[in-house]
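J.: Here it is, the structure, as structure tokens.
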Amino acid sequence: MHPSTAAEVDSGLQPERTAMAWSRTALACCIASAITARWLPFYGVSVLMMPALTLIAAVAISLTQQHRIRVAVSGIHDENLSLHPWPLLALVGVCWALGISGVVLVLLQ
């Protein structure tokens, strides 16, 4: 029988710490969304793509977080943990897009 929680597998609780880090990242995306939404009166409707992008990232993180922790727990138990870089690369892409969009909006104003 496979353990259902990371605490049953890893006394260091690394999967829980990772899950909390991803939760903080989702919260940071929501905060970035709120901050960029404040630019609406200055830059118009075109700025709405920035908060939408960060909110989509936050929702994606929240929806996939439980699956990632289950995969990590199973990988630890089976001693066959494989890491997938795509969530991190997607988040880096969101950060780059948000930063570049902000710089472009400021420079074009």
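So you can find residues: chains in the structure tokens are A, B, ... in the order shown, residues in each start at 1, and ligands are numbered from 1 in order.
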Just want the 12 Å neighbourhood of Gly99 (chain A), counted on only C-alpha atoms, with same-chain residues fewer than 4 positions away dropped. Output as a list in words.

T.: Ala32, Thr36, Met50, Pro51, Leu53, Thr54, Val92, Gly93, Val94, Cys95, Val103, Val104, Leu105 and Val106 of chain A

J.: Here is a test: counting only C-alpha atoms, which residue of A:Leu108, A:Ala28, A:Ile100, A:Ala60 is nearest to Tyr43 (chain A)?

T.: A:Leu108

J.: In Å to one decimal, how far is CA of Ser23 (chain A) from CA of Ile61 (chain A)?

T.: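 Interatomic distance here is 7.6 Å.
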
J.: Pick from A:Leu63, A:Ala72, A:Cys30, A:Gly44: nearest to Glu16 (chain A), with only C-alpha atoms counted?

T.: A:Ala72
